[in-house]
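*Asks:* Input file: final_28.txt. Contents: compact mmCIF, C-alpha atoms.
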# COMPACT_ATOMS: atom_id res chain seq x y z
CA MET I 32 55.77 4.33 99.79
CA THR I 33 56.81 6.84 97.17
CA GLY I 34 60.51 7.34 96.79
CA ARG I 35 61.58 4.52 99.05
CA SER I 36 64.76 2.69 98.07
CA MET I 37 65.86 -0.37 100.01
CA ARG I 38 69.00 -2.41 100.56
CA PHE I 39 68.99 -5.53 102.69
CA LEU I 40 71.25 -6.59 105.55
CA PRO I 41 71.81 -10.24 106.57
CA LEU I 42 68.94 -12.22 108.01
CA LEU I 43 68.69 -12.05 111.82
CA ALA I 44 68.95 -15.48 113.39
CA VAL I 45 65.74 -15.54 115.39
CA ALA I 46 63.30 -13.00 113.94
CA ALA I 47 64.11 -13.59 110.29
CA ILE I 48 64.05 -9.81 109.77
CA LEU I 49 65.97 -8.01 107.08
CA VAL I 50 66.47 -4.34 107.96
CA ALA I 51 66.16 -1.85 105.12
CA ALA I 52 68.02 1.44 105.04
CA PRO I 53 65.36 4.00 104.08
CA ALA I 54 65.98 6.78 101.64
CA ALA I 55 66.56 10.19 103.20
CA PRO I 56 64.93 12.06 104.78
CA ARG I 57 62.99 9.23 106.44
CA PRO I 58 64.55 8.73 109.88
CA ALA I 59 63.13 5.32 110.76
CA VAL I 60 64.00 1.83 109.56
CA SER I 61 61.52 -0.53 107.93
CA PRO I 62 62.01 -4.28 108.23
CA MET I 63 61.34 -7.11 105.87
CA VAL I 64 59.98 -10.29 107.40
CA GLN I 65 59.53 -13.77 106.03
CA VAL I 66 56.68 -16.22 106.45
CA SER I 67 57.21 -19.90 105.74
CA PRO I 68 55.79 -23.15 107.14
CA ASP I 69 59.22 -24.81 107.16
CA ARG I 70 62.03 -22.26 106.89
CA PRO I 71 64.08 -22.01 110.11
CA GLY I 72 63.67 -18.65 111.81
CA ALA I 73 60.75 -17.53 109.65
CA PHE I 74 57.35 -16.60 111.00
CA ARG I 75 54.74 -19.33 110.84
CA THR I 76 51.76 -16.94 110.58
CA VAL I 77 51.19 -13.99 108.30
CA GLN I 78 49.62 -11.92 111.08
CA GLY I 79 52.64 -12.53 113.27
CA ALA I 80 54.88 -11.20 110.53
CA ILE I 81 52.65 -8.15 109.99
CA ASP I 82 52.71 -7.38 113.70
CA ALA I 83 56.53 -7.55 113.70
CA LEU I 84 56.91 -4.75 111.16
CA ALA I 85 58.18 -1.36 112.24
CA ALA I 86 55.76 1.54 112.67
CA THR I 87 56.88 2.82 109.27
CA GLY I 88 55.78 -0.41 107.58
CA GLY I 89 57.77 -2.92 105.58
CA THR I 90 57.50 -6.03 103.43
CA VAL I 91 56.18 -9.48 104.32
CA LEU I 92 57.56 -12.18 102.00
CA ILE I 93 55.20 -15.16 102.05
CA ALA I 94 56.42 -18.59 100.96
CA PRO I 95 54.11 -20.91 98.99
CA GLY I 96 51.43 -22.45 101.16
CA ARG I 97 47.86 -22.14 102.39
CA TYR I 98 47.55 -19.87 105.43
CA ARG I 99 44.22 -20.12 107.25
CA GLU I 100 44.13 -16.85 109.15
CA LYS I 101 41.93 -13.81 109.64
CA LEU I 102 44.24 -10.87 108.91
CA THR I 103 44.18 -7.18 109.82
CA ILE I 104 46.52 -4.41 108.62
CA ARG I 105 46.09 -1.05 110.35
CA GLY I 106 49.58 0.40 109.84
CA ASN I 107 50.83 2.33 106.83
CA GLY I 108 53.33 1.14 104.26
CA VAL I 109 52.69 -2.60 104.59
CA ARG I 110 53.53 -4.82 101.62
CA LEU I 111 52.49 -8.45 101.19
CA ARG I 112 54.39 -10.36 98.52
CA GLY I 113 53.96 -13.99 97.56
CA THR I 114 57.21 -15.68 96.61
CA GLY I 115 55.67 -18.49 94.56
CA ARG I 116 55.80 -18.82 90.80
CA ASN I 117 52.23 -17.53 90.49
CA PRO I 118 49.47 -16.07 92.71
CA ALA I 119 47.82 -19.46 93.26
CA GLU I 120 50.81 -20.76 95.25
CA VAL I 121 50.24 -18.41 98.22
CA VAL I 122 46.68 -18.48 99.58
CA LEU I 123 45.44 -16.40 102.52
CA VAL I 124 42.08 -17.90 103.43
CA PHE I 125 39.37 -17.81 106.07
CA GLY I 126 35.68 -18.66 106.17
CA ASP I 127 33.71 -16.06 108.13
CA ALA I 128 30.42 -14.64 106.87
CA SER I 129 27.98 -11.95 107.90
CA ALA I 130 25.70 -14.72 109.14
CA THR I 131 28.39 -16.07 111.48
CA VAL I 132 30.07 -12.89 112.77
CA GLY I 133 27.22 -10.38 112.68
CA GLY I 134 28.25 -8.04 109.89
CA THR I 135 29.46 -8.04 106.30
CA LEU I 136 32.69 -6.14 106.96
CA LYS I 137 33.52 -8.29 109.97
CA SER I 138 33.55 -11.31 107.66
CA ALA I 139 36.66 -10.27 105.67
CA THR I 140 39.61 -12.61 105.42
CA LEU I 141 41.95 -9.63 105.00
CA THR I 142 41.05 -6.16 106.31
CA VAL I 143 43.33 -3.27 105.32
CA SER I 144 42.76 0.25 106.67
CA GLY I 145 46.37 1.49 106.50
CA ASP I 146 47.59 3.71 103.67
CA ASP I 147 50.20 2.81 101.02
CA PHE I 148 49.31 -0.88 101.11
CA ARG I 149 50.80 -3.16 98.45
CA ALA I 150 49.90 -6.75 97.61
CA THR I 151 51.57 -8.79 94.89
CA ASN I 152 51.49 -12.37 93.57
CA LEU I 153 49.11 -14.02 96.04
CA THR I 154 45.51 -15.09 96.62
CA VAL I 155 43.01 -13.83 99.19
CA GLN I 156 40.02 -16.11 99.62
CA ASN I 157 36.85 -16.37 101.66
CA ASP I 158 35.78 -20.01 101.43
CA TYR I 159 32.57 -19.78 103.48
CA TRP I 160 30.42 -20.65 100.48
CA LEU I 161 32.36 -23.79 99.65
CA ASP I 162 30.52 -25.66 102.42
CA PRO I 163 27.09 -26.52 100.93
CA ALA I 164 25.64 -26.69 104.44
CA HIS I 165 26.19 -22.96 104.95
CA PRO I 166 23.20 -20.67 104.29
CA PRO I 167 23.77 -17.86 101.77
CA SER I 168 25.46 -14.83 103.30
CA GLN I 169 27.83 -12.02 102.46
CA ALA I 170 31.42 -13.21 102.89
CA VAL I 171 34.24 -10.77 102.07
CA ALA I 172 37.71 -11.79 100.94
CA LEU I 173 39.40 -8.34 100.96
CA ALA I 174 38.09 -5.24 102.72
CA LEU I 175 40.25 -2.32 101.59
CA THR I 176 39.72 1.17 103.00
CA GLY I 177 43.25 2.62 102.85
CA ASP I 178 44.50 5.33 100.50
CA ARG I 179 47.09 4.84 97.71
CA ALA I 180 46.66 1.06 97.67
CA VAL I 181 48.22 -0.96 94.84
CA VAL I 182 47.14 -4.57 94.25
CA ARG I 183 48.97 -6.40 91.46
CA ARG I 184 48.69 -9.98 90.23
CA VAL I 185 46.35 -10.93 93.08
CA ARG I 186 43.44 -13.37 92.99
CA LEU I 187 40.39 -12.41 95.10
CA LEU I 188 38.11 -15.42 95.55
CA GLY I 189 34.65 -15.43 97.07
CA HIS I 190 31.00 -15.51 96.17
CA GLN I 191 28.79 -12.71 97.49
CA ASP I 192 30.63 -9.43 98.30
CA THR I 193 34.15 -10.64 97.47
CA LEU I 194 35.90 -7.25 97.33
CA TYR I 195 34.95 -4.28 99.49
CA ALA I 196 36.73 -1.31 97.89
CA ASN I 197 35.58 1.57 100.04
CA ARG I 198 36.31 4.92 101.64
CA GLY I 199 38.19 5.30 104.88
CA PRO I 200 36.86 6.51 108.25
CA ASN I 201 34.85 9.75 108.25
CA ARG I 202 34.25 9.26 104.52
CA ARG I 203 37.86 9.99 103.64
CA THR I 204 38.54 9.49 99.92
CA THR I 205 40.67 6.43 99.22
CA ARG I 206 42.45 5.76 95.93
CA GLN I 207 42.98 2.14 94.97
CA TYR I 208 44.69 0.62 91.93
CA PHE I 209 44.24 -3.00 90.81
CA ARG I 210 46.40 -4.32 87.98
CA ASP I 211 46.33 -7.78 86.34
CA CYS I 212 44.08 -9.15 89.10
CA TYR I 213 41.51 -11.94 88.99
CA ILE I 214 38.31 -11.31 90.96
CA GLU I 215 35.43 -13.77 91.16
CA GLY I 216 32.01 -13.97 92.78
CA HIS I 217 28.34 -13.59 91.95
CA VAL I 218 26.14 -11.13 93.89
CA ASP I 219 27.49 -7.54 94.15
CA PHE I 220 30.97 -8.97 94.38
CA ILE I 221 32.87 -5.72 93.83
CA PHE I 222 31.20 -3.15 96.07
CA GLY I 223 31.81 0.10 97.95
CA ASP I 224 32.67 3.72 97.14
CA ALA I 225 36.42 4.05 96.78
CA MET I 226 38.15 5.73 93.84
CA ALA I 227 39.11 2.35 92.39
CA TYR I 228 40.79 1.65 89.05
CA PHE I 229 40.84 -1.88 87.64
CA ASP I 230 43.52 -2.05 84.96
CA ARG I 231 43.48 -5.12 82.71
CA CYS I 232 41.82 -7.28 85.34
CA HIS I 233 39.79 -10.47 84.84
CA ILE I 234 36.36 -10.28 86.49
CA HIS I 235 34.60 -13.66 86.64
CA ALA I 236 31.02 -14.51 87.58
CA LEU I 237 30.34 -17.80 89.34
CA ALA I 238 27.22 -19.87 88.74
CA ASN I 239 24.18 -18.29 90.35
CA ASP I 240 20.59 -17.40 89.45
CA SER I 241 21.46 -13.70 89.45
CA VAL I 242 24.82 -11.99 89.03
CA TRP I 243 25.91 -8.39 89.52
CA TYR I 244 29.59 -7.71 88.95
CA THR I 245 29.46 -4.37 90.78
CA ALA I 246 27.48 -2.55 93.47
CA GLN I 247 29.06 0.89 93.65
CA SER I 248 27.85 3.22 96.40
CA ARG I 249 28.57 6.86 95.58
CA ASN I 250 25.95 8.72 97.58
CA ALA I 251 25.92 12.36 96.43
CA PRO I 252 25.87 14.09 93.03
CA ASP I 253 28.81 16.37 93.91
CA ASP I 254 31.05 13.61 95.27
CA ASP I 255 34.22 13.60 93.16
CA GLY I 256 35.95 10.99 95.32
CA SER I 257 34.01 7.88 94.38
CA ALA I 258 33.97 5.82 91.16
CA TYR I 259 34.94 2.43 89.76
CA VAL I 260 36.77 2.34 86.42
CA PHE I 261 37.46 -0.91 84.54
CA ASP I 262 40.06 -0.29 81.86
CA ARG I 263 40.69 -3.02 79.25
CA SER I 264 39.32 -5.59 81.68
CA ARG I 265 37.74 -8.89 80.76
CA PHE I 266 34.37 -10.05 82.11
CA THR I 267 33.57 -13.78 81.99
CA ALA I 268 31.06 -16.17 83.58
CA ASP I 269 30.51 -19.80 84.46
CA ALA I 270 28.04 -21.67 82.29
CA GLY I 271 25.61 -21.74 85.23
CA ALA I 272 25.60 -17.97 85.75
CA ARG I 273 22.26 -16.43 84.76
CA ASN I 274 20.72 -12.95 84.63
CA ILE I 275 24.16 -11.34 84.47
CA ALA I 276 24.34 -7.58 84.87
CA LEU I 277 27.36 -5.30 84.85
CA GLY I 278 26.12 -3.69 88.03
CA ARG I 279 23.45 -2.06 90.10
CA ALA I 280 23.61 1.06 92.26
CA TRP I 281 24.01 0.31 95.95
CA ARG I 282 23.61 4.06 96.51
CA PRO I 283 21.72 6.48 94.23
CA TYR I 284 24.71 8.21 92.58
CA ALA I 285 26.85 5.15 91.85
CA ARG I 286 29.50 5.57 89.15
CA VAL I 287 30.90 2.67 87.13
CA ILE I 288 32.86 3.27 83.93
CA LEU I 289 33.88 0.53 81.48
CA LEU I 290 36.64 1.44 79.03
CA ASN I 291 37.31 -0.98 76.18
CA ALA I 292 35.87 -3.85 78.21
CA ARG I 293 35.90 -7.36 76.78
CA LEU I 294 32.51 -8.80 77.72
CA ASP I 295 32.98 -12.53 77.20
CA ALA I 296 29.74 -13.37 79.02
CA PRO I 297 26.01 -13.33 78.16
CA ILE I 298 25.31 -9.96 79.76
CA LEU I 299 21.66 -8.93 79.93
CA PRO I 300 20.84 -6.75 76.91
CA ALA I 301 20.05 -3.83 79.25
CA GLY I 302 23.49 -4.23 80.82
CA TRP I 303 22.64 -2.59 84.14
CA THR I 304 19.73 -3.06 86.56
CA GLU I 305 17.78 -1.26 89.26
CA TRP I 306 18.82 -1.98 92.86
CA THR I 307 15.36 -3.30 93.78
CA PRO I 308 13.02 -3.23 90.79
CA GLY I 309 9.69 -1.62 91.64
CA LYS I 310 10.96 -0.14 94.90
CA THR I 311 14.04 1.95 94.15
CA HIS I 312 14.87 4.43 91.37
CA THR I 313 18.66 4.46 91.39
CA LEU I 314 18.95 4.22 87.60
CA ASP I 315 17.56 7.77 87.43
CA THR I 316 20.67 9.14 89.15
CA ALA I 317 23.46 6.56 88.74
CA TYR I 318 26.23 7.05 86.17
CA PHE I 319 26.73 3.75 84.39
CA VAL I 320 28.72 4.14 81.17
CA GLU I 321 30.67 2.16 78.59
CA TYR I 322 33.21 3.02 75.96
CA ARG I 323 33.72 0.57 73.10
CA SER I 324 32.79 -2.65 74.88
CA THR I 325 33.37 -5.71 72.70
CA LYS I 326 32.55 -9.45 72.45
CA ARG I 327 29.27 -11.26 73.04
CA GLY I 328 28.05 -9.16 75.96
CA ALA I 329 28.46 -5.82 74.19
CA ALA I 330 25.09 -4.44 73.06
CA PRO I 331 25.09 -0.62 72.95
CA THR I 332 21.78 -0.39 71.11
CA THR I 333 19.85 -2.36 73.74
CA ARG I 334 21.38 -0.90 76.90
CA GLU I 335 19.18 0.59 79.61
CA PRO I 336 18.30 4.05 78.22
CA ARG I 337 19.44 5.81 81.41
CA THR I 338 22.98 4.52 80.90
CA HIS I 339 25.45 5.99 78.42
CA GLN I 340 27.92 5.17 75.66
CA LEU I 341 30.88 7.55 75.80
CA ARG I 342 32.59 9.51 73.06
CA PRO I 343 36.42 9.39 72.92
CA ASP I 344 36.75 12.83 74.54
CA GLN I 345 34.45 11.76 77.37
CA ALA I 346 36.32 8.50 77.88
CA ALA I 347 39.62 10.39 78.24
CA ARG I 348 38.44 11.83 81.54
CA TRP I 349 38.45 8.35 83.04
CA ARG I 350 41.84 7.13 81.81
CA LEU I 351 44.41 6.33 84.47
CA GLY I 352 46.42 9.56 84.27
CA ALA I 353 43.33 11.72 84.60
CA PHE I 354 41.58 9.54 87.17
CA PHE I 355 44.13 9.93 89.97
CA GLY I 356 45.38 13.31 88.80
CA ALA I 357 48.77 14.96 89.09
CA ASP I 358 49.68 13.23 92.36
CA GLY I 359 49.14 9.72 90.99
CA ASP I 360 52.80 8.66 90.92
CA TRP I 361 52.16 6.29 93.84
CA VAL I 362 50.51 3.92 91.32
CA ARG I 363 53.93 3.08 89.89
CA THR I 364 55.66 2.63 93.26
CA PRO I 365 56.63 -1.06 93.78
Show me the file's structure as structure tokens.

*Replies:*
Amino acid sequence: MTGRSMRFLPLLAVAAILVAAPAAPRPAVSPMVQVSPDRPGAFRTVQGAIDALAATGGTVLIAPGRYREKLTIRGNGVRLRGTGRNPAEVVLVFGDASATVGGTLKSATLTVSGDDFRATNLTVQNDYWLDPAHPPSQAVALALTGDRAVVRRVRLLGHQDTLYANRGPNRRTTRQYFRDCYIEGHVDFIFGDAMAYFDRCHIHALANDSVWYTAQSRNAPDDDGSAYVFDRSRFTADAGARNIALGRAWRPYARVILLNARLDAPILPAGWTEWTPGKTHTLDTAYFVEYRSTKRGAAPTTREPRTHQLRPDQAARWRLGAFFGADGDWVRTP
């Protein structure tokens, strides 16, 4: 949370909780808890550690390991931090799918609806698709519907519908910031209608007959609280990925903005596609734009004519400082 400063007291013998003294005027304490498969006194499960946090939130330090759990975070101010040398050393994984649990959002490995969420230096994976016996189905790794979320140095691994970056209940606007993340999948694998900013992220397409990096779902022309921006992000693809598009509009007024994107993949010359060709007309109303895309997938002269190439003054509207506005200091809060 903004303005929080923390100092740590000795580790409690049984609960492995470090109590932080919050900065005034916050009256409540916020604990830090540890998760480790072998450390004495530490929690053995990530969900157990999350549930042990105070109502005001706190930090969960996760030791290297693979944690097969289905996780839910409803409280505010929760931070997950991997303590390994890199994000691959801490893996939060589960294998549900829409086909097995009766709904795309129910399939998520990690579901976060609380505000002021932070995740750093870890991996969230849905491994449903890794079993070749499983029929194709949506299978979410991270479902994020909280406001002022910051996700840094996190790998999100899945196939179809990997990251659900969406509004909160009652269509509440949610602002989400992703920095230096790696996100992989194939069909519509970054989807939803949050105000989401992807800053220097690596977006990777897995082998599949058709690939859409994004399926944004802004649903009204006057909705100022919904857009995906990819700033200086890199787009790549497996050799077996075919018919690769930057996105399609899940809802008619989808907005996706690419700023200085490095398109290191054989993107379709048109760049963007209709939701269901011959049946829908979302390209008439969607806002799909690029500013100075580079590398092999950049082709401004052959893009779908209903998409746009921005001028510098137009691109400035979508830079980080302008995107979240004057109250965007939470982006820099650890």

*Asks:* List every residue of segment 259-341 of chain I that has an atom at most 10 Å from any atom of segment 194-215 of chain I, giving for each one its closest atom pair and the distance in Å to one decimal, counting all atoms listed in the file, sorted by chain and then by ascending residue number, as CSV.

*Replies:*
residue,atom,partner,partner_atom,distance
I:Tyr259,CA,I:Ala196,CA,9.1
I:Val260,CA,I:Tyr208,CA,9.8
I:Phe261,CA,I:Phe209,CA,9.5
I:Asp262,CA,I:Arg210,CA,9.7
I:Ser264,CA,I:Asp211,CA,8.7
I:Arg265,CA,I:Tyr213,CA,9.6
I:Phe266,CA,I:Ile214,CA,9.8
I:Thr267,CA,I:Glu215,CA,9.4
I:Ala268,CA,I:Glu215,CA,9.1

*Asks:* Please compute the atom CA of Asp240 of chain I-atom CA of Arg273 of chain I distance, one decimal, in Å.

*Replies:* 5.1 Å

*Asks:* If I take atom CA of Val287 of chain I and atom CA of Tyr318 of chain I, how far is one from the other in Å, to one decimal?

*Replies:*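 One can read the atom CA of Val287 of chain I to atom CA of Tyr318 of chain I distance as 6.5 Å.
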
*Asks:* Which value, in Å to one decimal, gives the distance between atom CA of Asp219 of chain I and atom CA of Ala246 of chain I?

*Replies:* 5.0 Å

*Asks:* Using only C-alpha atoms, which protein or nucleic acid residues come within 12 Å of Leu341 of chain I? Drop anything in the same chain fewer than 5 positions from it, and give the result as a VMD selection string.

*Replies:* chain I and resid 288 to 291 318 to 324 331 346 to 349

*Asks:* Return the single residue from I:His190, I:Gly223, I:Lys137, I:Tyr159 that is closest to Thr176 of chain I, with distances computed using all atoms listed in the file.

*Replies:* I:Gly223

*Asks:* If we count only C-alpha atoms, what is near segment 274-280 of chain I at a cut-off of 9 Å, once residues fewer than 6 positions away on the same chain are taken out, given as a PyMOL selection string?

*Replies:* chain I and resi 217+219+236+239-249+266+268+286-287+296-307+313-314+317-319

*Asks:* Calculated over all atoms listed in the file, which of the candidates I:Val171, I:Leu153, I:Ala285, I:Met63 has the smallest distance to Pro118 of chain I?

*Replies:*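 Of I:Val171, I:Leu153, I:Ala285, I:Met63, the one nearest Pro118 of chain I is I:Leu153, counting all atoms listed in the file.
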
*Asks:* Can you pull out every residue within 7 Å of segment 165-168 of chain I, counting all atoms listed in the file, but drop anything in the same chain fewer than 4 positions away, and send it as an NGL selection string?

*Replies:* :I and (128-130 or 160)

*Asks:* Under the rule that all atoms listed in the file are counted, which of I:Gly177, I:Ser138, I:Tyr228, I:Val109 is the nearest residue to Asp192 of chain I?

*Replies:*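 Ranking I:Gly177, I:Ser138, I:Tyr228, I:Val109 by distance to Asp192 of chain I, first place goes to I:Ser138.
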
*Asks:* Write out as a PyMOL selection string which residues come within 6 Å of segment 89-104 of chain I when counting all atoms listed in the file, dropping same-chain ones fewer than 2 positions away.

*Replies:* chain I and resi 61-67+78+84+106+109-115+120-125+140-143

*Asks:* Keeping C-alpha atoms, export the residues of the selection given above as a tab-separated table (two decimals), in the coordinates of the input.

*Replies:*
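And here is the file that came out, result33.tsv:
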chain	number	residue	atom	x	y	z
I	61	SER	CA	61.52	-0.53	107.93
I	62	PRO	CA	62.01	-4.28	108.23
I	63	MET	CA	61.34	-7.11	105.87
I	64	VAL	CA	59.98	-10.29	107.40
I	65	GLN	CA	59.53	-13.77	106.03
I	66	VAL	CA	56.68	-16.22	106.45
I	67	SER	CA	57.21	-19.90	105.74
I	78	GLN	CA	49.62	-11.92	111.08
I	84	LEU	CA	56.91	-4.75	111.16
I	106	GLY	CA	49.58	0.40	109.84
I	109	VAL	CA	52.69	-2.60	104.59
I	110	ARG	CA	53.53	-4.82	101.62
I	111	LEU	CA	52.49	-8.45	101.19
I	112	ARG	CA	54.39	-10.36	98.52
I	113	GLY	CA	53.96	-13.99	97.56
I	114	THR	CA	57.21	-15.68	96.61
I	115	GLY	CA	55.67	-18.49	94.56
I	120	GLU	CA	50.81	-20.76	95.25
I	121	VAL	CA	50.24	-18.41	98.22
I	122	VAL	CA	46.68	-18.48	99.58
I	123	LEU	CA	45.44	-16.40	102.52
I	124	VAL	CA	42.08	-17.90	103.43
I	125	PHE	CA	39.37	-17.81	106.07
I	140	THR	CA	39.61	-12.61	105.42
I	141	LEU	CA	41.95	-9.63	105.00
I	142	THR	CA	41.05	-6.16	106.31
I	143	VAL	CA	43.33	-3.27	105.32

*Asks:* At a cut-off of 6 Å, using all atoms listed in the file, what residues contact Ala180 of chain I? Leave out same-chain residues fewer than 4 positions from it and give the result as a list of chain:residue names.

*Replies:*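 Skipping anything fewer than 4 positions along the chain leaves I:Asp147, I:Phe148, I:Arg149, I:Gln207.
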
*Asks:* Hey, which of I:Ser144, I:Leu188, I:Ala119, I:Thr135 ends up closest to Asn157 of chain I? Count all atoms listed in the file.

*Replies:*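 Residue with the minimum atom-to-atom distance to Asn157 of chain I: I:Leu188.
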
*Asks:* Which residue, I:Ala272, I:Ala238, I:Ala73, I:Leu136, has the smallest gap to Ala172 of chain I when you use only C-alpha atoms?

*Replies:*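 Checking each of I:Ala272, I:Ala238, I:Ala73, I:Leu136 against Ala172 of chain I, counting only C-alpha atoms, the winner is I:Leu136.
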
*Asks:* Taking the block just given, write segment 337-348 of chain I to a file that holds N, CA, C and O atoms, as a short mmCIF file (atom, residue, chain, number, x, y, z; two decimals), in the first residue's frame.

*Replies:*
data_model
loop_
_atom_site.label_atom_id
_atom_site.label_comp_id
_atom_site.auth_asym_id
_atom_site.auth_seq_id
_atom_site.Cartn_x
_atom_site.Cartn_y
_atom_site.Cartn_z
N ARG I 337 -9.07 -0.73 -40.65
CA ARG I 337 -9.82 -0.14 -39.54
C ARG I 337 -8.99 -0.01 -38.27
O ARG I 337 -9.49 0.42 -37.23
N THR I 338 -7.73 -0.39 -38.33
CA THR I 338 -6.80 -0.14 -37.22
C THR I 338 -5.97 1.10 -37.54
O THR I 338 -6.09 1.66 -38.63
N HIS I 339 -5.13 1.52 -36.58
CA HIS I 339 -4.48 2.82 -36.74
C HIS I 339 -3.01 2.76 -36.37
O HIS I 339 -2.60 1.97 -35.52
N GLN I 340 -2.24 3.64 -37.01
CA GLN I 340 -0.85 3.91 -36.64
C GLN I 340 -0.83 5.31 -36.01
O GLN I 340 -1.30 6.28 -36.62
N LEU I 341 -0.31 5.43 -34.80
CA LEU I 341 -0.39 6.67 -34.06
C LEU I 341 0.72 7.65 -34.42
O LEU I 341 1.83 7.25 -34.76
N ARG I 342 0.41 8.92 -34.27
CA ARG I 342 1.42 9.98 -34.31
C ARG I 342 2.02 10.12 -32.90
O ARG I 342 1.43 9.65 -31.91
N PRO I 343 3.19 10.76 -32.76
CA PRO I 343 3.79 10.92 -31.44
C PRO I 343 2.87 11.58 -30.42
O PRO I 343 2.82 11.17 -29.26
N ASP I 344 2.13 12.62 -30.83
CA ASP I 344 1.24 13.30 -29.89
C ASP I 344 0.09 12.39 -29.45
O ASP I 344 -0.38 12.46 -28.31
N GLN I 345 -0.36 11.51 -30.34
CA GLN I 345 -1.41 10.57 -29.98
C GLN I 345 -0.88 9.48 -29.05
O GLN I 345 -1.57 9.06 -28.12
N ALA I 346 0.33 9.04 -29.32
CA ALA I 346 0.94 8.00 -28.47
C ALA I 346 1.14 8.50 -27.05
O ALA I 346 1.06 7.72 -26.09
N ALA I 347 1.42 9.79 -26.87
CA ALA I 347 1.70 10.33 -25.54
C ALA I 347 0.53 10.11 -24.58
O ALA I 347 0.73 9.97 -23.38
N ARG I 348 -0.67 10.07 -25.11
CA ARG I 348 -1.85 9.87 -24.26
C ARG I 348 -1.80 8.52 -23.53
O ARG I 348 -2.38 8.36 -22.45
#
